[in-house]
2 protein chains.
Amino acid sequence: MLITPETTKIGWVGTGVMGHSMCRHLMDAGFQVSLYSRTRDKAADLIAAGATWCDSPKDVAQASDVVFAIVGMPSDVREVFLSDQGVLAGCQPGNIVVDMTTSEPQLAIEIADAARAREVHSVDAPVSGGDVGAKAGTLSIMIGGDSAVVAALEPCWKAMGKTYVRQGQAGSGQHAKIVNQILVAAGMIGVCESLLYAQQSGLDLETVLKSVSSGAAGSWALSNLAPRIVSGHFDPGFFVDHFVKDLGIAMQESKRMSLNLPGLELACELYERVVARGDGQLGTHALQMTLAEMSELTWAPTTAQAK
Amino acid sequence: MLITPETTKIGWVGTGVMGHSMCRHLMDAGFQVSLYSRTRDKAADLIAAGATWCDSPKDVAQASDVVFAIVGMPSDVREVFLSDQGVLAGCQPGNIVVDMTTSEPQLAIEIADAARAREVHSVDAPVSGGDVGAKAGTLSIMIGGDSAVVAALEPCWKAMGKTYVRQGQAGSGQHAKIVNQILVAAGMIGVCESLLYAQQSGLDLETVLKSVSSGAAGSWALSNLAPRIVSGHFDPGFFVDHFVKDLGIAMQESKRMSLNLPGLELACELYERVVARGDGQLGTHALQMTLAEMSELTWAPTTAQAK
């Protein structure tokens, strides 16, 4: 199984915040791409750059050897892969389908079973790194699927990510992503609570970030999201609505495994409040405003450089 | 105010896990050191390497121009600096005292006031980075005090830390450290819950760490403590008992400022359970065992390389 820009036609479904940049990287690597997206406008510049528009995921699959998708909810994944106009309906034996959406491990297994029945290979490969990582091509890609197939896809992983690790069979990429989101959720709570404390104790926020970013408290979130919070910018990044979906999957799986994860549970509660506040279309760091309100405060950073 | 190994005699109080390495770095930088520690044995090799033993913090101060201390609880800090046999009792006008213990912001202000009455300069300078950072001289030092004094101490900060940032007047180093510990606490919950999830979902722990360490979930704790958890090593590092003290100070200050920080509150509850389990003298990552028990599991990592 050889995958190269010269021999392999790529399909892409979903050109949102993440998918748009990821698809672009495959095109930049020389791959010919056929694509479908729910909102055609979001793919306009990719089409202008040479991608071929298709009217359905099925059409994408019929024009491709390997089809990637990154969409919204598990219900979207189900429709994109398993419906009449879905990817699998358009696949030939030997094709590969790759779901990069963060979705349910059990659904990944279901798609892999359905694919196998058509002699198609299925891989789940959710990502971490946010819009920044998608743009820079530095995502961490967590992969579940047959090892030979995962290895053959290396030119694609390489184009989109800096880290790509096979975690095991179908579904294990999704499990690894849940591990990731449990970490992200706890980290986000820490970042927001610590900034609120810093503000109330009279510290200069940018100065305190210099101190805490490089020690035992250091994290990707602190380095990348805290500065956005300090400057009062809450654009996504990564949508609260999608994160709430991820946390819901994490809770559902944890309950299924009889795990008691109080930090995850707290994160679910807090992010439901963020949605209730009307901030679902902001970035995950918008938790800051909800958290401030829980102390009857308004988030108004005091740092000299806040814009 | 010029501080150099040739002109400045250093005093050191407290040679525990952190203080021992930090004092050693000052000696390695050429400073002559007089020291006192509650347990003399812990200072034996520093004495063998040329440090002078003193019988009290007061005696240390009488032999020194600049006195550093890093001890346990705020009550210890109070005794070391403010008692009859304490540091300030042995100081001359123009001396500098530096408390590097994580302690109460209000106590730092109280010591600074008492010092000022004796024409002594006081600085609070708690650190982050754990035993690893103390040994490597890569600590982050969070500093509160007069800017000229803090600047003069640069040769000392440089010997012990990689990052040293003045946060403001007396007490602000302690506030910054609380910011740090709020981050650390949330991060530790995330690391432990995510590893428990990973274990139960059947992932290989070392493989999943490869995926999640480099993306949006990445953190110092994940890179430095998760491997210890995976290999079942729970030695401190940083003692649970000390962390519970820090979290207590953080809660106390948060309440004083009418802040509602549910993540910090959860961390306090969880770490009280860790102490109740009898793990107070283990490292902070020992939370893993308590957390596993809360799901009626035993922490028995499944990774191939667990030792």
# chains A, B, ... in the order shown; residues from 1 in each chain; ligands from 1
>>> residues_around(residues="Ala117 of chain B", least_positions_apart="6", cutoff="12 Å", atoms="only C-alpha atoms", output="list in words")
Leu88, Ala89, Cys91, Gln92, Pro93, Gly94, Glu110 and Ile111 of chain B
>>> interface_residues(of="chain A", to="chain B", cutoff="6 Å", atoms="only C-alpha atoms", output="count of residues only")
24
>>> closest_residue(among="B:Ile249, B:Asp241, B:Gln174, B:Arg256", to="Tyr271 of chain B", atoms="only C-alpha atoms")
B:Asp241
>>> residues_around(residues="Ala51 of chain B", least_positions_apart="6", cutoff="12 Å", atoms="only C-alpha atoms", output="PyMOL selection string")
chain B and resi 9-13+15+20+23-24+26-28+30-36+43-45+60+63
>>> decode(residues="segment 250-273 of chain B", atoms="N, CA, C and O atoms", output="CSV table (one decimal), in the first residue's frame")
chain,number,residue,atom,x,y,z
B,250,ALA,N,-4.0,29.0,49.8
B,250,ALA,CA,-4.8,29.5,48.6
B,250,ALA,C,-6.3,29.6,48.8
B,250,ALA,O,-6.9,30.6,48.4
B,251,MET,N,-6.8,28.7,49.5
B,251,MET,CA,-8.3,28.7,49.9
B,251,MET,C,-8.6,29.9,50.8
B,251,MET,O,-9.5,30.6,50.6
B,252,GLN,N,-7.7,30.0,51.8
B,252,GLN,CA,-7.9,31.1,52.8
B,252,GLN,C,-7.8,32.5,52.1
B,252,GLN,O,-8.7,33.3,52.4
B,253,GLU,N,-6.9,32.7,51.2
B,253,GLU,CA,-6.8,33.9,50.5
B,253,GLU,C,-7.9,34.1,49.6
B,253,GLU,O,-8.5,35.2,49.4
B,254,SER,N,-8.4,33.0,48.9
B,254,SER,CA,-9.5,33.1,48.0
B,254,SER,C,-10.7,33.6,48.7
B,254,SER,O,-11.5,34.4,48.2
B,255,LYS,N,-11.0,32.9,49.8
B,255,LYS,CA,-12.2,33.3,50.6
B,255,LYS,C,-12.1,34.7,51.1
B,255,LYS,O,-13.1,35.4,51.0
B,256,ARG,N,-10.9,35.2,51.5
B,256,ARG,CA,-10.7,36.5,52.0
B,256,ARG,C,-11.1,37.5,50.8
B,256,ARG,O,-11.6,38.6,51.1
B,257,MET,N,-10.8,37.1,49.6
B,257,MET,CA,-11.1,37.9,48.4
B,257,MET,C,-12.5,37.6,47.8
B,257,MET,O,-12.8,38.1,46.8
B,258,SER,N,-13.3,36.8,48.5
B,258,SER,CA,-14.7,36.4,48.1
B,258,SER,C,-14.6,35.7,46.7
B,258,SER,O,-15.5,35.9,45.9
B,259,LEU,N,-13.6,35.0,46.4
B,259,LEU,CA,-13.5,34.3,45.2
B,259,LEU,C,-14.1,32.9,45.3
B,259,LEU,O,-13.8,32.2,46.3
B,260,ASN,N,-14.9,32.5,44.3
B,260,ASN,CA,-15.4,31.1,44.2
B,260,ASN,C,-14.6,30.3,43.2
B,260,ASN,O,-14.8,30.5,42.0
B,261,LEU,N,-13.7,29.5,43.7
B,261,LEU,CA,-12.8,28.7,42.8
B,261,LEU,C,-13.1,27.2,43.0
B,261,LEU,O,-12.4,26.6,43.8
B,262,PRO,N,-14.1,26.7,42.2
B,262,PRO,CA,-14.5,25.3,42.5
B,262,PRO,C,-13.4,24.3,42.2
B,262,PRO,O,-13.3,23.2,42.8
B,263,GLY,N,-12.5,24.6,41.3
B,263,GLY,CA,-11.4,23.6,41.0
B,263,GLY,C,-10.4,23.5,42.1
B,263,GLY,O,-10.0,22.5,42.5
B,264,LEU,N,-10.1,24.7,42.7
B,264,LEU,CA,-9.2,24.7,43.9
B,264,LEU,C,-9.9,24.0,45.0
B,264,LEU,O,-9.2,23.3,45.8
B,265,GLU,N,-11.2,24.2,45.2
B,265,GLU,CA,-11.9,23.6,46.3
B,265,GLU,C,-11.9,22.1,46.1
B,265,GLU,O,-11.6,21.3,47.1
B,266,LEU,N,-12.1,21.6,44.9
B,266,LEU,CA,-12.0,20.2,44.6
B,266,LEU,C,-10.6,19.6,45.0
B,266,LEU,O,-10.5,18.6,45.6
B,267,ALA,N,-9.6,20.4,44.6
B,267,ALA,CA,-8.2,19.9,44.9
B,267,ALA,C,-8.0,19.8,46.4
B,267,ALA,O,-7.4,18.8,46.8
B,268,CYS,N,-8.5,20.8,47.1
B,268,CYS,CA,-8.4,20.7,48.6
B,268,CYS,C,-9.0,19.4,49.1
B,268,CYS,O,-8.4,18.7,49.9
B,269,GLU,N,-10.2,19.1,48.7
B,269,GLU,CA,-10.9,17.9,49.1
B,269,GLU,C,-10.2,16.7,48.8
B,269,GLU,O,-10.0,15.8,49.6
B,270,LEU,N,-9.7,16.6,47.5
B,270,LEU,CA,-9.0,15.4,47.1
B,270,LEU,C,-7.7,15.2,47.8
B,270,LEU,O,-7.4,14.1,48.3
B,271,TYR,N,-6.9,16.3,48.0
B,271,TYR,CA,-5.7,16.1,48.7
B,271,TYR,C,-5.8,15.9,50.2
B,271,TYR,O,-5.0,15.2,50.8
B,272,GLU,N,-7.0,16.3,50.8
B,272,GLU,CA,-7.2,15.9,52.2
B,272,GLU,C,-7.5,14.3,52.2
B,272,GLU,O,-7.0,13.7,53.2
B,273,ARG,N,-8.1,13.8,51.2
B,273,ARG,CA,-8.2,12.3,51.1
B,273,ARG,C,-6.9,11.7,51.0
B,273,ARG,O,-6.7,10.6,51.5
